[in-house]
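Undergrad: After the structure tokens below, expect a handful of questions from me.
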Amino acid sequence: MVLNTGSRYSEVFFGHGFERTLLMEFAEAAFSAAEVAPLEDDDKKDFVSSLLQPARVSKAANVFACLKYTVKTHKPPGEVGFRALHSSVNTPLLGAMKFIASLLKPQLTALPNLLKRSADAVKQLQHWRVSPSAFLIAIDIKDFFLDGNHAPITSACQELVKPSWRSSFLILVKFILDTQYLTSPCFPERMWKVNKGAGMGLQCSGELVDSTFFKTVEEGILPQLDRWRIVGYFRFKDDILVVSDSPREVLLDFVSTLKKASSVWKLKVESVSQTEARFLDLRLFKGARWLATGCLDISINHKVTAQKQPVATHSLHPPHTHLSWPRSLVHRINTLCNSRMYQFEELSRLKCMIAERCGWEHVSLVFDHVRRRAPISNHSDEKVVASRLIIPYHKEWEIGAIHSTLQRVLHRYQRTLHLQCNVHVTMSISYTLQTRHLDIQLWNLWMADHGWRMGTAVD
């Protein structure tokens with residue numbers, strides 16, 4: 001079980017009203033941080049107000065994070081485990097967390113080796129020439145968010161904060177880290193205290209662990225990369241990519257030095273290859289482009305365990321969702337693939353995936369601009385297409401406000417389709433008032449421009 005790791009979590013027992021006591025302590029910390037902040041008196045009041053604003057509108061119980069988890073299905077057999085998430089949605093401490101993150105972000109953004117997204121790696125590696133003997137190394141930082149004592153994290157992060165704000169920063173960071181409490185839906189009457197890490201899921205956890213790893217590990221090693229003939233070093237959170245033009249013995253010395261410097265986290269070398277590496281959702285390799293230019297080929301990495309399920313056309317998502325999610329994937333393909341050939345391959349894969357789930361009509365809607373903007377045709381589809389909505393019953397419906405409400409919903413639906421697709425939609429309504437729910441059927445959902453239907457009948 002996730003909570004059985006005693007060094008990371010310890011069960012605690014508090015009486016009724018502990019959450020309100022915690023909020024009162026947070027208010028005291030906010031006023032203390034304002035007292036030492038480099039602000040005028042009027043600005044200090046606004047500063048305190050911004051820190052406490054989420055606490056005014058959030059429930060007191062939300063001060064406790066909720067334990068959620070995902071399963072690492074992409075891991076090889078024997079290494080599949082849980083990924084603990086400390087969900088802090090609508091937490092009253094959100095103002096302080098955002099303030100902590102805002103003080104660290106400028107310094108982290110200035111670090112060229114720290115990536116924000118996969119596209120940054122593509123942009124930096126786009127024109128890098130890599131020799132035939134170069135190694136591509138992928139390294140994983142184990143339990144990046146969940147390891148590390150709170151005192152070293154606080155000490156390392158304060159060095160990246162401007163001296164004038166350092167005292168306020170320390171007050172708030174110590175409070176946030178020392179008051180991490182977890183509840184679990186499986187055990188509603190029990191509570192645990194987080195003893196290590198910055199809590200994966202907190203608003204400021206990414207900035208805290210990025211800053212700590214840089215100060216404790218990377219700051220002393222990055223200036224010496226030439227010593228190991230490292231031509232490229234990139235990191236996104238707990239994933240590291242190293243491009244080295246050194247012999248294997250020198251490369252092993254670099255990895256050993258990196259592990260020794262990382263006294264808090266365990267580093268695992270996932271792959272060492274002279275031909276390819278898989279980093280984030282990218283596959284970097286020496287292919288046709290590298291043979292021609294000396295620059296790495298980059299395409300999308302498809303994990304075997306990935307569950308890619310397109311949204312079916314008969315689902316009740318709004319029309320712009322059915323059109324926008326494939327277009328976002330097309331944009332991702334064009335951004336991450338650095339060769340026309342790989343872009344074409346990925347687009348063909350995407351079209352087949354959509355066609356298998358939704359049919360080729362939906363593929364044409366997404367990819368065929370001519371058809372999407374075609375003039376009005378006299379042809380019409382005589383097939384009736386029905387989608388059904390089941391809405392919880394409301395007693396007010398008995399006095400006859402149903403039809404006007406549904407008409408407003410359909411009007412918005414038609415307007416969205418018109419704006420997104422430049423087409424007109426014909427709909428009609430039939431509904432049945434049941435004892436516990438309202439059973440609505442939308443009939444004749446078809447596009448007058450082309451006469452092809454938006455969905456299929458559903459139960």
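Following the order of the structure tokens, chains are lettered A, B, ..., residues in each are numbered from 1, and ligands are numbered from 1.
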Which stretch 143-252 of chain A residues have any atom within 8 Å of an atom of stretch 24-37 of chain A, and for each, what is the nearest pair of atoms with distance in Å to one decimal, counting only C-alpha atoms, rows sorted by chain and number, as CSV?
TA:
residue,atom,partner,partner_atom,distance
A:Ser164,CA,A:Ala37,CA,7.2
A:Trp165,CA,A:Ala37,CA,6.1
A:Ser167,CA,A:Val36,CA,6.5
A:Ser168,CA,A:Ala33,CA,4.3
A:Phe169,CA,A:Ala33,CA,7.4
A:Ile171,CA,A:Ala33,CA,6.1
A:Leu172,CA,A:Ala29,CA,6.6
A:Phe175,CA,A:Ala29,CA,7.4
Undergrad: Take the residues from that selection and write them out as a PDB file, in the first residue's frame, keeping N, CA and C atoms.
TA:
ATOM      1  N   SER A 164      15.787  40.226  -0.577  1.00  0.00           N
ATOM      2  CA  SER A 164      14.747  41.040   0.049  1.00  0.00           C
ATOM      3  C   SER A 164      13.485  40.236   0.352  1.00  0.00           C
ATOM      4  N   TRP A 165      13.237  39.160  -0.398  1.00  0.00           N
ATOM      5  CA  TRP A 165      12.036  38.348  -0.204  1.00  0.00           C
ATOM      6  C   TRP A 165      12.334  37.048   0.535  1.00  0.00           C
ATOM      7  N   SER A 167      13.142  36.160   3.630  1.00  0.00           N
ATOM      8  CA  SER A 167      12.513  35.896   4.938  1.00  0.00           C
ATOM      9  C   SER A 167      11.049  35.505   4.779  1.00  0.00           C
ATOM     10  N   SER A 168      10.316  36.229   3.931  1.00  0.00           N
ATOM     11  CA  SER A 168       8.908  35.888   3.683  1.00  0.00           C
ATOM     12  C   SER A 168       8.797  34.507   3.055  1.00  0.00           C
ATOM     13  N   PHE A 169       9.696  34.231   2.131  1.00  0.00           N
ATOM     14  CA  PHE A 169       9.705  32.930   1.452  1.00  0.00           C
ATOM     15  C   PHE A 169       9.903  31.796   2.459  1.00  0.00           C
ATOM     16  N   ILE A 171       9.283  31.667   5.696  1.00  0.00           N
ATOM     17  CA  ILE A 171       8.129  31.489   6.580  1.00  0.00           C
ATOM     18  C   ILE A 171       7.053  30.653   5.900  1.00  0.00           C
ATOM     19  N   LEU A 172       6.750  30.986   4.656  1.00  0.00           N
ATOM     20  CA  LEU A 172       5.661  30.300   3.952  1.00  0.00           C
ATOM     21  C   LEU A 172       6.048  28.889   3.526  1.00  0.00           C
ATOM     22  N   PHE A 175       5.952  26.510   6.457  1.00  0.00           N
ATOM     23  CA  PHE A 175       4.579  26.180   6.834  1.00  0.00           C
ATOM     24  C   PHE A 175       3.973  25.184   5.849  1.00  0.00           C
TER      25      PHE A 175
END
Undergrad: Per DSSP on the backbone, what are the strand (DSSP E) residues of stretch 120-329 of chain A, as a ChimeraX atom specification?
TA: /A:135-141,181-184,187-194,230-236,239-244,267-273,276-279,282-285,297-300
Undergrad: Measuring atom to atom with only C-alpha atoms, identify which of A:Ala101, A:Leu94, A:Val71, A:Val80 is nearest to A:Pro54.
TA: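 Counting only C-alpha atoms, the residue closest to A:Pro54 is A:Leu94.
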Undergrad: Go through A:Ala134, A:Met353, A:Val122, A:Leu347 one by one, measure the shortest atom-to-atom distance of each to A:Arg283 using only C-alpha atoms, and give the residue with the smallest value.
TA: A:Val122
Undergrad: Nearest to A:Leu170 among A:Ser184, A:Gln126, A:Ser155, A:Ser299, with distances taken over only C-alpha atoms: which residue is it?
TA: A:Ser155
Undergrad: Using only C-alpha atoms, determine which residues lie at most 12 Å from A:Cys352, disregarding the query and same-chain residues fewer than 4 positions distant; provide the list as a PDB file with N, CA and C atoms, in the first residue's frame.
TA:
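Output below, filename selection11.pdb:
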ATOM      1  N   PRO A 310      -9.768   7.409 -29.005  1.00  0.00           N
ATOM      2  CA  PRO A 310     -10.387   8.642 -29.504  1.00  0.00           C
ATOM      3  C   PRO A 310     -11.804   8.814 -28.987  1.00  0.00           C
ATOM      4  N   GLU A 345       4.160  10.002 -41.531  1.00  0.00           N
ATOM      5  CA  GLU A 345       3.906   8.715 -40.888  1.00  0.00           C
ATOM      6  C   GLU A 345       2.982   8.862 -39.681  1.00  0.00           C
ATOM      7  N   GLU A 346       3.226   9.895 -38.871  1.00  0.00           N
ATOM      8  CA  GLU A 346       2.404  10.095 -37.680  1.00  0.00           C
ATOM      9  C   GLU A 346       0.987  10.528 -38.044  1.00  0.00           C
ATOM     10  N   LEU A 347       0.846  11.352 -39.078  1.00  0.00           N
ATOM     11  CA  LEU A 347      -0.493  11.746 -39.517  1.00  0.00           C
ATOM     12  C   LEU A 347      -1.274  10.552 -40.050  1.00  0.00           C
ATOM     13  N   SER A 348      -0.598   9.657 -40.765  1.00  0.00           N
ATOM     14  CA  SER A 348      -1.266   8.449 -41.268  1.00  0.00           C
ATOM     15  C   SER A 348      -1.702   7.565 -40.107  1.00  0.00           C
ATOM     16  N   GLU A 356     -10.710   4.023 -37.238  1.00  0.00           N
ATOM     17  CA  GLU A 356     -11.078   2.771 -36.591  1.00  0.00           C
ATOM     18  C   GLU A 356     -12.161   2.987 -35.542  1.00  0.00           C
ATOM     19  N   ARG A 357     -12.122   4.132 -34.898  1.00  0.00           N
ATOM     20  CA  ARG A 357     -13.078   4.418 -33.829  1.00  0.00           C
ATOM     21  C   ARG A 357     -14.322   5.157 -34.330  1.00  0.00           C
ATOM     22  N   CYS A 358     -14.107   6.130 -35.243  1.00  0.00           N
ATOM     23  CA  CYS A 358     -15.188   7.047 -35.611  1.00  0.00           C
ATOM     24  C   CYS A 358     -15.634   6.928 -37.057  1.00  0.00           C
ATOM     25  N   GLY A 359     -14.854   6.261 -37.893  1.00  0.00           N
ATOM     26  CA  GLY A 359     -15.197   6.182 -39.303  1.00  0.00           C
ATOM     27  C   GLY A 359     -14.471   7.244 -40.118  1.00  0.00           C
ATOM     28  N   TRP A 360     -14.381   6.997 -41.425  1.00  0.00           N
ATOM     29  CA  TRP A 360     -13.620   7.907 -42.295  1.00  0.00           C
ATOM     30  C   TRP A 360     -14.326   9.245 -42.509  1.00  0.00           C
ATOM     31  N   GLU A 361     -15.648   9.296 -42.232  1.00  0.00           N
ATOM     32  CA  GLU A 361     -16.344  10.576 -42.353  1.00  0.00           C
ATOM     33  C   GLU A 361     -15.775  11.590 -41.380  1.00  0.00           C
ATOM     34  N   HIS A 362     -15.482  11.146 -40.160  1.00  0.00           N
ATOM     35  CA  HIS A 362     -14.929  12.061 -39.169  1.00  0.00           C
ATOM     36  C   HIS A 362     -13.495  12.445 -39.533  1.00  0.00           C
ATOM     37  N   VAL A 363     -12.750  11.530 -40.139  1.00  0.00           N
ATOM     38  CA  VAL A 363     -11.400  11.853 -40.608  1.00  0.00           C
ATOM     39  C   VAL A 363     -11.468  12.964 -41.650  1.00  0.00           C
ATOM     40  N   SER A 364     -12.434  12.856 -42.552  1.00  0.00           N
ATOM     41  CA  SER A 364     -12.582  13.899 -43.576  1.00  0.00           C
ATOM     42  C   SER A 364     -12.966  15.235 -42.954  1.00  0.00           C
TER      43      SER A 364
END
Undergrad: Between A:Thr305, A:Gln180, A:Ser244, A:Thr216, which residue has the minimum interatomic distance to A:Ala261, considering only C-alpha atoms?
TA: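 For A:Ala261, the nearest of the candidates is A:Thr216.
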Undergrad: Of the candidates A:Lys259, A:Arg166, A:Arg20, A:His127, which shows the shortest atom-to-atom distance to A:Ala61, using only C-alpha atoms?
TA: A:Arg20
Undergrad: For stretch 227-242 of chain A, find every residue with an atom within 8 Å (counting only C-alpha atoms), except residues of its own chain fewer than 5 positions away, and show them as a list in words.
TA: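 The residues satisfying every condition are Asn113, Leu114, Leu115, Lys116, Arg117, Ala121, Phe135, Leu136, Ile137, Ala138, Ile139, Asp140, Ile141, Lys142, Phe144, Gly206, Asp210, Val250, Leu251, Asp253, Phe254, Phe279 and Leu280 of chain A.
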Undergrad: Using C-alpha atoms, can you write the selected residues to a file as a PDB file, in the first residue's frame?
TA:
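Final output, part-v1.pdb:
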ATOM      1  CA  ASN A 113      19.222  22.923 -19.481  1.00  0.00           C
ATOM      2  CA  LEU A 114      15.813  22.891 -17.762  1.00  0.00           C
ATOM      3  CA  LEU A 115      12.980  22.144 -20.171  1.00  0.00           C
ATOM      4  CA  LYS A 116       9.346  23.190 -19.862  1.00  0.00           C
ATOM      5  CA  ARG A 117       7.968  20.836 -22.507  1.00  0.00           C
ATOM      6  CA  ALA A 121      14.015  19.696 -26.473  1.00  0.00           C
ATOM      7  CA  PHE A 135      26.210   8.232 -26.795  1.00  0.00           C
ATOM      8  CA  LEU A 136      22.571   9.033 -25.962  1.00  0.00           C
ATOM      9  CA  ILE A 137      21.831   8.394 -22.274  1.00  0.00           C
ATOM     10  CA  ALA A 138      18.409   8.470 -20.602  1.00  0.00           C
ATOM     11  CA  ILE A 139      18.387   8.789 -16.776  1.00  0.00           C
ATOM     12  CA  ASP A 140      15.393   8.655 -14.442  1.00  0.00           C
ATOM     13  CA  ILE A 141      15.275  10.301 -10.993  1.00  0.00           C
ATOM     14  CA  LYS A 142      13.410   7.990  -8.641  1.00  0.00           C
ATOM     15  CA  PHE A 144      11.526  12.989  -7.508  1.00  0.00           C
ATOM     16  CA  GLY A 206       7.535  21.388  -9.220  1.00  0.00           C
ATOM     17  CA  ASP A 210      13.540  21.619  -9.534  1.00  0.00           C
ATOM     18  CA  VAL A 250      34.656   8.637 -19.220  1.00  0.00           C
ATOM     19  CA  LEU A 251      30.878   8.443 -19.553  1.00  0.00           C
ATOM     20  CA  ASP A 253      32.733   8.392 -14.545  1.00  0.00           C
ATOM     21  CA  PHE A 254      30.220  11.180 -15.298  1.00  0.00           C
ATOM     22  CA  PHE A 279      13.064  10.913 -23.700  1.00  0.00           C
ATOM     23  CA  LEU A 280       9.633  12.113 -22.537  1.00  0.00           C
TER      24      LEU A 280
END
Undergrad: Find the residue from A:Leu182, A:Leu291, A:Leu202, A:Val161 that sits nearest to A:Val89; use only C-alpha atoms when measuring.
TA: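 Going through A:Leu182, A:Leu291, A:Leu202, A:Val161 one by one, the smallest distance to A:Val89 is for A:Leu202.
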Undergrad: Between atom CA of A:Thr321 and atom CA of A:Asn301, what is the distance in Å, rounded to a tenth?
TA: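 Answer for the atom CA of A:Thr321 to atom CA of A:Asn301 separation: 24.8 Å.
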Undergrad: Taking the DSSP assignment computed from this structure's backbone, write out as a compact mmCIF listing (two decimals) with N, CA and C atoms, in the first residue's frame all residues of stretch 91-330 of chain A that belong to alpha helix (DSSP H).
TA:
# COMPACT_ATOMS: atom_id res chain seq x y z
N LEU A 94 -3.66 27.88 -1.43
CA LEU A 94 -3.28 28.09 -2.83
C LEU A 94 -2.54 29.41 -3.02
N GLY A 95 -2.97 30.47 -2.32
CA GLY A 95 -2.31 31.78 -2.48
C GLY A 95 -0.85 31.72 -2.10
N ALA A 96 -0.52 31.06 -1.00
CA ALA A 96 0.87 30.93 -0.58
C ALA A 96 1.67 30.07 -1.55
N MET A 97 1.06 29.01 -2.04
CA MET A 97 1.76 28.13 -2.99
C MET A 97 2.11 28.87 -4.29
N LYS A 98 1.16 29.66 -4.78
CA LYS A 98 1.43 30.42 -6.01
C LYS A 98 2.52 31.47 -5.79
N PHE A 99 2.52 32.07 -4.60
CA PHE A 99 3.55 33.06 -4.29
C PHE A 99 4.93 32.41 -4.24
N ILE A 100 5.04 31.25 -3.63
CA ILE A 100 6.32 30.53 -3.57
C ILE A 100 6.80 30.20 -4.98
N ALA A 101 5.88 29.71 -5.83
CA ALA A 101 6.26 29.37 -7.20
C ALA A 101 6.70 30.60 -7.98
N SER A 102 6.04 31.73 -7.74
CA SER A 102 6.38 32.95 -8.50
C SER A 102 7.77 33.47 -8.16
N LEU A 103 8.27 33.22 -6.94
CA LEU A 103 9.60 33.66 -6.57
C LEU A 103 10.70 32.78 -7.19
N LEU A 104 10.38 31.52 -7.48
CA LEU A 104 11.38 30.59 -8.00
C LEU A 104 11.39 30.52 -9.53
N LYS A 105 10.25 30.79 -10.15
CA LYS A 105 10.15 30.61 -11.60
C LYS A 105 11.14 31.44 -12.41
N PRO A 106 11.37 32.73 -12.10
CA PRO A 106 12.32 33.50 -12.93
C PRO A 106 13.71 32.88 -12.97
N GLN A 107 14.21 32.39 -11.84
CA GLN A 107 15.53 31.79 -11.82
C GLN A 107 15.55 30.45 -12.56
N LEU A 108 14.49 29.67 -12.44
CA LEU A 108 14.43 28.39 -13.13
C LEU A 108 14.29 28.57 -14.64
N THR A 109 13.54 29.57 -15.05
CA THR A 109 13.36 29.84 -16.48
C THR A 109 14.68 30.21 -17.14
N SER A 118 8.26 19.12 -24.18
CA SER A 118 9.01 18.35 -25.18
C SER A 118 9.46 19.22 -26.34
N ALA A 119 8.63 20.19 -26.70
CA ALA A 119 8.97 21.05 -27.84
C ALA A 119 10.27 21.82 -27.60
N ASP A 120 10.59 22.12 -26.33
CA ASP A 120 11.85 22.80 -26.04
C ASP A 120 13.05 21.92 -26.39
N ALA A 121 12.94 20.62 -26.12
CA ALA A 121 14.02 19.70 -26.47
C ALA A 121 14.19 19.62 -27.99
N VAL A 122 13.07 19.58 -28.71
CA VAL A 122 13.15 19.54 -30.17
C VAL A 122 13.81 20.80 -30.70
N LYS A 123 13.43 21.94 -30.14
CA LYS A 123 13.98 23.22 -30.60
C LYS A 123 15.49 23.29 -30.38
N GLN A 124 15.97 22.80 -29.23
CA GLN A 124 17.39 22.88 -28.93
C GLN A 124 18.21 21.86 -29.70
N LEU A 125 17.63 20.68 -29.94
CA LEU A 125 18.36 19.62 -30.63
C LEU A 125 18.19 19.66 -32.15
N HIS A 150 12.52 17.96 4.50
CA HIS A 150 12.02 19.31 4.27
C HIS A 150 13.08 20.38 4.50
N ALA A 151 13.96 20.19 5.48
CA ALA A 151 14.98 21.21 5.79
C ALA A 151 15.95 21.43 4.62
N PRO A 152 16.52 20.38 3.99
CA PRO A 152 17.38 20.61 2.82
C PRO A 152 16.66 21.26 1.65
N ILE A 153 15.39 20.91 1.46
CA ILE A 153 14.62 21.53 0.37
C ILE A 153 14.48 23.03 0.62
N THR A 154 14.12 23.40 1.85
CA THR A 154 13.96 24.81 2.20
C THR A 154 15.28 25.56 2.06
N SER A 155 16.36 24.95 2.55
CA SER A 155 17.67 25.61 2.50
C SER A 155 18.15 25.83 1.07
N ALA A 156 17.95 24.83 0.22
CA ALA A 156 18.41 24.95 -1.17
C ALA A 156 17.59 25.97 -1.96
N CYS A 157 16.29 25.98 -1.74
CA CYS A 157 15.42 26.86 -2.53
C CYS A 157 15.61 28.33 -2.17
N GLN A 158 15.91 28.62 -0.90
CA GLN A 158 16.03 30.03 -0.51
C GLN A 158 17.19 30.73 -1.22
N ARG A 166 13.58 36.83 0.91
CA ARG A 166 13.98 35.52 1.43
C ARG A 166 13.28 35.19 2.76
N SER A 167 13.14 36.16 3.63
CA SER A 167 12.51 35.90 4.94
C SER A 167 11.05 35.51 4.78
N SER A 168 10.32 36.23 3.93
CA SER A 168 8.91 35.89 3.68
C SER A 168 8.80 34.51 3.05
N PHE A 169 9.70 34.23 2.13
CA PHE A 169 9.71 32.93 1.45
C PHE A 169 9.90 31.80 2.46
N LEU A 170 10.85 31.94 3.37
CA LEU A 170 11.14 30.89 4.34
C LEU A 170 9.95 30.62 5.25
N ILE A 171 9.28 31.67 5.70
CA ILE A 171 8.13 31.49 6.58
C ILE A 171 7.05 30.65 5.90
N LEU A 172 6.75 30.99 4.66
CA LEU A 172 5.66 30.30 3.95
C LEU A 172 6.05 28.89 3.53
N VAL A 173 7.30 28.71 3.07
CA VAL A 173 7.73 27.37 2.63
C VAL A 173 7.74 26.41 3.81
N LYS A 174 8.28 26.84 4.93
CA LYS A 174 8.30 25.97 6.10
C LYS A 174 6.89 25.56 6.52
N PHE A 175 5.95 26.51 6.46
CA PHE A 175 4.58 26.18 6.83
C PHE A 175 3.97 25.18 5.85
N ILE A 176 4.15 25.42 4.55
CA ILE A 176 3.56 24.54 3.54
C ILE A 176 4.11 23.12 3.66
N LEU A 177 5.43 22.98 3.80
CA LEU A 177 6.04 21.65 3.85
C LEU A 177 5.73 20.94 5.17
N ASP A 178 5.72 21.68 6.28
CA ASP A 178 5.52 21.05 7.58
C ASP A 178 4.06 20.71 7.88
N SER A 205 5.08 22.41 -5.90
CA SER A 205 6.00 21.28 -5.73
C SER A 205 7.02 21.19 -6.86
N GLY A 206 6.61 21.46 -8.10
CA GLY A 206 7.54 21.39 -9.22
C GLY A 206 8.69 22.36 -9.08
N GLU A 207 8.38 23.59 -8.70
CA GLU A 207 9.44 24.60 -8.54
C GLU A 207 10.35 24.25 -7.37
N LEU A 208 9.81 23.71 -6.30
CA LEU A 208 10.64 23.37 -5.13
C LEU A 208 11.64 22.27 -5.45
N VAL A 209 11.18 21.19 -6.07
CA VAL A 209 12.09 20.07 -6.34
C VAL A 209 13.06 20.41 -7.47
N ASP A 210 12.62 21.18 -8.48
CA ASP A 210 13.54 21.62 -9.53
C ASP A 210 14.67 22.46 -8.95
N SER A 211 14.32 23.39 -8.06
CA SER A 211 15.32 24.25 -7.44
C SER A 211 16.28 23.45 -6.57
N THR A 212 15.74 22.49 -5.80
CA THR A 212 16.58 21.69 -4.92
C THR A 212 17.56 20.83 -5.71
N PHE A 213 17.08 20.19 -6.78
CA PHE A 213 17.98 19.34 -7.57
C PHE A 213 19.06 20.18 -8.26
N GLU A 219 24.27 22.34 -10.04
CA GLU A 219 25.06 23.58 -10.00
C GLU A 219 26.55 23.30 -9.98
N GLY A 220 26.98 22.24 -9.30
CA GLY A 220 28.40 21.93 -9.25
C GLY A 220 28.90 21.13 -10.43
N ILE A 221 27.98 20.49 -11.19
CA ILE A 221 28.39 19.61 -12.29
C ILE A 221 28.29 20.29 -13.65
N ARG A 248 33.35 5.27 -23.36
CA ARG A 248 32.46 4.69 -22.38
C ARG A 248 33.00 4.84 -20.96
N GLU A 249 34.33 4.73 -20.77
CA GLU A 249 34.90 4.84 -19.43
C GLU A 249 34.68 6.23 -18.85
N VAL A 250 34.87 7.26 -19.68
CA VAL A 250 34.66 8.64 -19.22
C VAL A 250 33.18 8.88 -18.93
N LEU A 251 32.32 8.30 -19.76
CA LEU A 251 30.88 8.44 -19.55
C LEU A 251 30.45 7.80 -18.23
N LEU A 252 31.00 6.64 -17.92
CA LEU A 252 30.67 5.98 -16.66
C LEU A 252 31.13 6.83 -15.46
N ASP A 253 32.26 7.51 -15.62
CA ASP A 253 32.73 8.39 -14.54
C ASP A 253 31.77 9.56 -14.33
N PHE A 254 31.20 10.10 -15.42
CA PHE A 254 30.22 11.18 -15.30
C PHE A 254 28.97 10.70 -14.56
N VAL A 255 28.47 9.53 -14.94
CA VAL A 255 27.26 9.00 -14.30
C VAL A 255 27.53 8.74 -12.82
N SER A 256 28.72 8.22 -12.50
CA SER A 256 29.07 7.97 -11.10
C SER A 256 29.13 9.26 -10.30
N THR A 257 29.71 10.30 -10.90
CA THR A 257 29.79 11.60 -10.23
C THR A 257 28.40 12.19 -10.01
N LEU A 258 27.53 12.04 -10.99
CA LEU A 258 26.17 12.55 -10.88
C LEU A 258 25.42 11.83 -9.76
N LYS A 259 25.61 10.53 -9.64
CA LYS A 259 24.94 9.77 -8.59
C LYS A 259 25.45 10.15 -7.20
N LYS A 260 26.76 10.38 -7.09
CA LYS A 260 27.32 10.76 -5.80
C LYS A 260 26.81 12.14 -5.37
N ALA A 261 26.67 13.05 -6.32
CA ALA A 261 26.18 14.38 -5.99
C ALA A 261 24.71 14.35 -5.58
N ALA A 288 17.76 8.69 -41.12
CA ALA A 288 18.03 9.24 -42.45
C ALA A 288 18.47 10.70 -42.38
N ARG A 289 17.84 11.47 -41.52
CA ARG A 289 18.21 12.89 -41.40
C ARG A 289 19.62 13.04 -40.84
N TRP A 290 19.96 12.18 -39.87
CA TRP A 290 21.30 12.24 -39.30
C TRP A 290 22.35 11.86 -40.34
N LEU A 291 22.06 10.87 -41.17
CA LEU A 291 23.01 10.47 -42.21
C LEU A 291 23.26 11.60 -43.21
N ALA A 292 22.21 12.41 -43.45
CA ALA A 292 22.34 13.48 -44.44
C ALA A 292 22.92 14.77 -43.85
N THR A 293 22.58 15.07 -42.60
CA THR A 293 22.97 16.38 -42.03
C THR A 293 23.82 16.28 -40.77
N PRO A 319 -19.63 20.13 -30.05
CA PRO A 319 -19.02 19.92 -31.38
C PRO A 319 -17.58 20.40 -31.48
N HIS A 320 -17.26 21.55 -30.84
CA HIS A 320 -15.90 22.04 -30.97
C HIS A 320 -14.88 21.08 -30.35
N THR A 321 -15.31 20.26 -29.38
CA THR A 321 -14.40 19.27 -28.79
C THR A 321 -14.08 18.18 -29.81
N HIS A 322 -15.10 17.72 -30.53
CA HIS A 322 -14.88 16.68 -31.54
C HIS A 322 -13.93 17.15 -32.64
N LEU A 323 -13.90 18.45 -32.89
CA LEU A 323 -13.02 18.97 -33.94
C LEU A 323 -11.65 19.39 -33.40
N SER A 324 -11.60 19.86 -32.17
CA SER A 324 -10.36 20.45 -31.68
C SER A 324 -9.35 19.43 -31.20
N TRP A 325 -9.82 18.29 -30.62
CA TRP A 325 -8.81 17.37 -30.09
C TRP A 325 -7.98 16.72 -31.20
N PRO A 326 -8.55 16.34 -32.38
CA PRO A 326 -7.65 15.83 -33.42
C PRO A 326 -6.71 16.91 -33.95
N ARG A 327 -7.20 18.15 -34.03
CA ARG A 327 -6.35 19.23 -34.53
C ARG A 327 -5.19 19.49 -33.57
N SER A 328 -5.43 19.35 -32.26
CA SER A 328 -4.34 19.53 -31.31
C SER A 328 -3.28 18.44 -31.48
N LEU A 329 -3.72 17.22 -31.81
CA LEU A 329 -2.76 16.15 -32.07
C LEU A 329 -1.98 16.41 -33.36
N VAL A 330 -2.63 16.98 -34.35
CA VAL A 330 -1.93 17.34 -35.58
C VAL A 330 -0.87 18.40 -35.30
Undergrad: For A:Ser87, list every protein, DNA or RNA residue within 10 Å, evaluated using only C-alpha atoms, and leave out those in the same chain fewer than 6 positions away; present the list as an MDAnalysis selection string.
TA: chainID A and resid 62 64:69 182:183 199:203
Undergrad: Go ahead and write the selection's residues with C-alpha atoms as a PDB file, in the first residue's frame.
TA:
ATOM      1  CA  ASN A  62      -9.676  21.215   1.748  1.00  0.00           C
ATOM      2  CA  PHE A  64      -5.864  18.405   3.773  1.00  0.00           C
ATOM      3  CA  ALA A  65      -4.644  16.940   0.494  1.00  0.00           C
ATOM      4  CA  CYS A  66      -6.424  13.871  -0.819  1.00  0.00           C
ATOM      5  CA  LEU A  67      -4.328  10.847  -1.745  1.00  0.00           C
ATOM      6  CA  LYS A  68      -4.901   9.689  -5.304  1.00  0.00           C
ATOM      7  CA  TYR A  69      -2.721   7.491  -7.428  1.00  0.00           C
ATOM      8  CA  LEU A 182      -3.214  13.467   3.657  1.00  0.00           C
ATOM      9  CA  THR A 183      -6.620  11.866   3.731  1.00  0.00           C
ATOM     10  CA  GLY A 199       4.203  16.543  -2.424  1.00  0.00           C
ATOM     11  CA  MET A 200       3.407  15.664  -6.021  1.00  0.00           C
ATOM     12  CA  GLY A 201       0.246  17.663  -6.737  1.00  0.00           C
ATOM     13  CA  LEU A 202       0.916  20.842  -4.782  1.00  0.00           C
ATOM     14  CA  GLN A 203       0.903  24.081  -6.761  1.00  0.00           C
TER      15      GLN A 203
END
Undergrad: Please list as a PyMOL selection string every residue within 12 Å of A:Gly15, counting only C-alpha atoms and excluding residues in the same chain fewer than 3 positions away.
TA: chain A and resi 12+18-21+189-191
Undergrad: So what do you get for atom CA of A:Asn338 versus atom CA of A:Pro223, distance-wise?
TA: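 Rounded to one decimal, the two atoms are 29.5 Å apart.
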